[in-house]
Structures are given as structure tokens and as C-alpha cells.
Amino acid sequence: MPDQNHPTKTTQHLIAASTVTGTNVYDLSGEKIGQIYDLMLNRVSGITEYAIMNFGGVFGIGEHYHPLPWHLLRYDEKRGGYVINIDTKKLQDAPAYAVSDETAWRDESYPSRVTDYYGNQIA
């Protein structure tokens, strides 16, 4: 039953961040490559800057979090998930951190390293 004290989690143009968490991410061929683990929001503007995707590993072993600039993801209604136009090899080499270590974001240069890595890549 919907919680009457909270607004609808989705509208035609809006979605609650809690709904995005766990959404599958696919490559252009339709292969599932990961899931959205979390979102990183700009503290001042509130704009979503990065989606944190879990990627790699087997049964959670060797899995890493990969921050993806939000503008690289495109929602695909048919798949019910996000699609990225990034080669798997490029993702494997991208800035990432182990599931057991979320300290990367404490380094003030980390976001710019992520942005620089993806450069002018478009969705």
C-alpha cells in the first residue's frame, strides 16, 4: 500500500533516488553490465552528478563501484533500466573503488579524475 505521507515515487519526468538504486545498467547490445548502487548529488545545487554502478566480480567477490557521470546514462523504457555507450574494457579501466572501501570520495580530486577519464563521452 502506498505511503500517504510521501509523494509518488515516479511521475512522467521525475523519479525518487531510492527507486533508481538497484536499477540495471546495460550496454548498447542489451547485455546487463551492472546495477545502480547509489547516486552522488551536488550538495548545493541538488543536481545528480554521478551514478555509482556496481560492476564486475562473481557473487559479490571482486566487485567494484564505478562512478559514471550521470549524463552518460540514458533510461530505456523497454529494458526498464539505463543504457550506457561505453565499452566494457573502458569501464574496467575506469576510476573505481572496492566495495569494501568507499574512501575514494574523501579525496577532493577524485570527482575530477572520474570526469577527466570519461572526457566528452556522450550517452
# chains A, B, ... in the order shown; residues from 1 in each chain; ligands from 1
>>> select_by_dssp(residues="chain A", states="alpha helix (DSSP H)", output="VMD selection string")
chain A and resid 17 to 20 88 to 93 110 to 118
>>> write_last_selection(atoms="N, CA and C atoms", output="compact mmCIF listing (two decimals), in the first residue's frame")
# COMPACT_ATOMS: atom_id res chain seq x y z
N ALA A 17 15.17 8.91 -5.90
CA ALA A 17 16.51 8.30 -5.92
C ALA A 17 16.45 6.87 -5.40
N SER A 18 15.62 6.61 -4.41
CA SER A 18 15.52 5.26 -3.86
C SER A 18 15.01 4.27 -4.90
N THR A 19 14.29 4.75 -5.88
CA THR A 19 13.79 3.89 -6.95
C THR A 19 14.89 3.58 -7.97
N VAL A 20 15.82 4.50 -8.15
CA VAL A 20 16.93 4.31 -9.10
C VAL A 20 17.89 3.24 -8.58
N THR A 88 33.09 -2.17 -22.43
CA THR A 88 33.37 -2.85 -21.17
C THR A 88 34.82 -2.68 -20.74
N LYS A 89 35.76 -2.72 -21.68
CA LYS A 89 37.18 -2.54 -21.37
C LYS A 89 37.41 -1.15 -20.75
N LYS A 90 36.75 -0.13 -21.32
CA LYS A 90 36.89 1.22 -20.78
C LYS A 90 36.35 1.27 -19.36
N LEU A 91 35.25 0.58 -19.09
CA LEU A 91 34.71 0.53 -17.73
C LEU A 91 35.68 -0.16 -16.78
N GLN A 92 36.28 -1.25 -17.23
CA GLN A 92 37.21 -1.98 -16.38
C GLN A 92 38.41 -1.13 -16.00
N ASP A 93 38.84 -0.24 -16.88
CA ASP A 93 40.00 0.62 -16.64
C ASP A 93 39.65 1.94 -15.96
N TYR A 110 39.16 13.25 -6.62
CA TYR A 110 38.55 12.05 -7.21
C TYR A 110 37.46 12.38 -8.24
N PRO A 111 36.50 13.24 -7.93
CA PRO A 111 35.47 13.55 -8.94
C PRO A 111 36.06 14.08 -10.25
N SER A 112 37.07 14.91 -10.18
CA SER A 112 37.66 15.43 -11.43
C SER A 112 38.40 14.34 -12.18
N ARG A 113 38.98 13.37 -11.47
CA ARG A 113 39.63 12.24 -12.16
C ARG A 113 38.59 11.41 -12.92
N VAL A 114 37.43 11.23 -12.31
CA VAL A 114 36.35 10.48 -12.97
C VAL A 114 35.89 11.24 -14.21
N THR A 115 35.62 12.52 -14.05
CA THR A 115 35.15 13.35 -15.16
C THR A 115 36.19 13.41 -16.27
N ASP A 116 37.45 13.58 -15.92
CA ASP A 116 38.52 13.62 -16.92
C ASP A 116 38.63 12.30 -17.66
N TYR A 117 38.45 11.20 -16.96
CA TYR A 117 38.58 9.88 -17.60
C TYR A 117 37.53 9.71 -18.71
N TYR A 118 36.32 10.11 -18.43
CA TYR A 118 35.25 9.92 -19.43
C TYR A 118 35.23 11.04 -20.47
>>> residues_around(residues="Pro67 of chain A", least_positions_apart="6", cutoff="8 Å", atoms="only C-alpha atoms", output="list in words")
Tyr50, Ala51, Ile52, Met53, Pro95, Ala96 and Val114 of chain A
>>> atom_distance(atom1="atom CA of Met40 of chain A", atom2="atom CA of Val83 of chain A")
18.2 Å
>>> select_by_dssp(residues="chain A", states="strand (DSSP E or B)", output="number ranges by chain")
A: 10, 15, 24-26, 32-41, 48-55, 58, 61, 64-69, 74-76, 81-83, 97-98
>>> atom_distance(atom1="atom CA of Glu108 of chain A", atom2="atom CA of Ile86 of chain A")
25.1 Å
>>> atom_distance(atom1="atom CA of Gly81 of chain A", atom2="atom CA of Val25 of chain A")
5.7 Å
>>> closest_residue(among="A:Ile47, A:Ile36, A:Ala16, A:Leu28", to="Leu68 of chain A", atoms="only C-alpha atoms")
A:Ile36
>>> decode(residues="segment 67-91 of chain A", atoms="N, CA and C atoms", output="PDB file, in the first residue's frame")
ATOM      1  N   PRO A  67      31.938   5.045 -10.516  1.00  0.00           N
ATOM      2  CA  PRO A  67      31.150   6.262 -10.679  1.00  0.00           C
ATOM      3  C   PRO A  67      31.048   6.599 -12.170  1.00  0.00           C
ATOM      4  N   LEU A  68      29.836   6.827 -12.617  1.00  0.00           N
ATOM      5  CA  LEU A  68      29.592   7.226 -14.001  1.00  0.00           C
ATOM      6  C   LEU A  68      28.974   8.606 -14.007  1.00  0.00           C
ATOM      7  N   PRO A  69      29.531   9.530 -14.775  1.00  0.00           N
ATOM      8  CA  PRO A  69      28.867  10.829 -14.883  1.00  0.00           C
ATOM      9  C   PRO A  69      27.406  10.608 -15.307  1.00  0.00           C
ATOM     10  N   TRP A  70      26.490  11.212 -14.589  1.00  0.00           N
ATOM     11  CA  TRP A  70      25.062  10.970 -14.785  1.00  0.00           C
ATOM     12  C   TRP A  70      24.624  11.178 -16.236  1.00  0.00           C
ATOM     13  N   HIS A  71      25.223  12.149 -16.904  1.00  0.00           N
ATOM     14  CA  HIS A  71      24.784  12.445 -18.269  1.00  0.00           C
ATOM     15  C   HIS A  71      25.102  11.314 -19.250  1.00  0.00           C
ATOM     16  N   LEU A  72      25.902  10.328 -18.842  1.00  0.00           N
ATOM     17  CA  LEU A  72      26.231   9.207 -19.722  1.00  0.00           C
ATOM     18  C   LEU A  72      25.148   8.125 -19.732  1.00  0.00           C
ATOM     19  N   LEU A  73      24.232   8.197 -18.792  1.00  0.00           N
ATOM     20  CA  LEU A  73      23.179   7.191 -18.720  1.00  0.00           C
ATOM     21  C   LEU A  73      21.912   7.675 -19.420  1.00  0.00           C
ATOM     22  N   ARG A  74      21.312   6.764 -20.157  1.00  0.00           N
ATOM     23  CA  ARG A  74      20.051   7.060 -20.840  1.00  0.00           C
ATOM     24  C   ARG A  74      19.050   5.996 -20.401  1.00  0.00           C
ATOM     25  N   TYR A  75      17.882   6.429 -19.926  1.00  0.00           N
ATOM     26  CA  TYR A  75      16.889   5.460 -19.473  1.00  0.00           C
ATOM     27  C   TYR A  75      16.180   4.850 -20.673  1.00  0.00           C
ATOM     28  N   ASP A  76      16.063   3.529 -20.679  1.00  0.00           N
ATOM     29  CA  ASP A  76      15.402   2.796 -21.758  1.00  0.00           C
ATOM     30  C   ASP A  76      14.133   2.160 -21.195  1.00  0.00           C
ATOM     31  N   GLU A  77      12.997   2.679 -21.596  1.00  0.00           N
ATOM     32  CA  GLU A  77      11.706   2.187 -21.113  1.00  0.00           C
ATOM     33  C   GLU A  77      11.529   0.692 -21.367  1.00  0.00           C
ATOM     34  N   LYS A  78      11.928   0.217 -22.547  1.00  0.00           N
ATOM     35  CA  LYS A  78      11.736  -1.194 -22.898  1.00  0.00           C
ATOM     36  C   LYS A  78      12.528  -2.122 -21.985  1.00  0.00           C
ATOM     37  N   ARG A  79      13.729  -1.726 -21.646  1.00  0.00           N
ATOM     38  CA  ARG A  79      14.567  -2.557 -20.776  1.00  0.00           C
ATOM     39  C   ARG A  79      14.255  -2.328 -19.302  1.00  0.00           C
ATOM     40  N   GLY A  80      13.657  -1.183 -18.999  1.00  0.00           N
ATOM     41  CA  GLY A  80      13.403  -0.858 -17.602  1.00  0.00           C
ATOM     42  C   GLY A  80      14.693  -0.592 -16.859  1.00  0.00           C
ATOM     43  N   GLY A  81      15.701  -0.068 -17.602  1.00  0.00           N
ATOM     44  CA  GLY A  81      16.994   0.209 -16.999  1.00  0.00           C
ATOM     45  C   GLY A  81      17.739   1.257 -17.789  1.00  0.00           C
ATOM     46  N   TYR A  82      18.956   1.525 -17.365  1.00  0.00           N
ATOM     47  CA  TYR A  82      19.782   2.537 -18.003  1.00  0.00           C
ATOM     48  C   TYR A  82      20.732   1.898 -19.007  1.00  0.00           C
ATOM     49  N   VAL A  83      21.018   2.635 -20.067  1.00  0.00           N
ATOM     50  CA  VAL A  83      21.932   2.168 -21.111  1.00  0.00           C
ATOM     51  C   VAL A  83      23.098   3.145 -21.170  1.00  0.00           C
ATOM     52  N   ILE A  84      24.304   2.586 -21.297  1.00  0.00           N
ATOM     53  CA  ILE A  84      25.480   3.422 -21.473  1.00  0.00           C
ATOM     54  C   ILE A  84      26.214   2.996 -22.735  1.00  0.00           C
ATOM     55  N   ASN A  85      26.794   3.965 -23.394  1.00  0.00           N
ATOM     56  CA  ASN A  85      27.548   3.732 -24.626  1.00  0.00           C
ATOM     57  C   ASN A  85      29.037   3.745 -24.294  1.00  0.00           C
ATOM     58  N   ILE A  86      29.440   2.771 -23.490  1.00  0.00           N
ATOM     59  CA  ILE A  86      30.832   2.686 -23.053  1.00  0.00           C
ATOM     60  C   ILE A  86      31.279   1.239 -23.177  1.00  0.00           C
ATOM     61  N   ASP A  87      32.411   1.047 -23.784  1.00  0.00           N
ATOM     62  CA  ASP A  87      32.993  -0.274 -23.950  1.00  0.00           C
ATOM     63  C   ASP A  87      33.322  -0.872 -22.576  1.00  0.00           C
ATOM     64  N   THR A  88      33.094  -2.169 -22.429  1.00  0.00           N
ATOM     65  CA  THR A  88      33.374  -2.847 -21.167  1.00  0.00           C
ATOM     66  C   THR A  88      34.824  -2.676 -20.736  1.00  0.00           C
ATOM     67  N   LYS A  89      35.755  -2.724 -21.676  1.00  0.00           N
ATOM     68  CA  LYS A  89      37.178  -2.539 -21.367  1.00  0.00           C
ATOM     69  C   LYS A  89      37.412  -1.155 -20.753  1.00  0.00           C
ATOM     70  N   LYS A  90      36.752  -0.129 -21.324  1.00  0.00           N
ATOM     71  CA  LYS A  90      36.894   1.223 -20.782  1.00  0.00           C
ATOM     72  C   LYS A  90      36.355   1.273 -19.356  1.00  0.00           C
ATOM     73  N   LEU A  91      35.249   0.583 -19.090  1.00  0.00           N
ATOM     74  CA  LEU A  91      34.710   0.534 -17.730  1.00  0.00           C
ATOM     75  C   LEU A  91      35.676  -0.164 -16.776  1.00  0.00           C
TER      76      LEU A  91
END
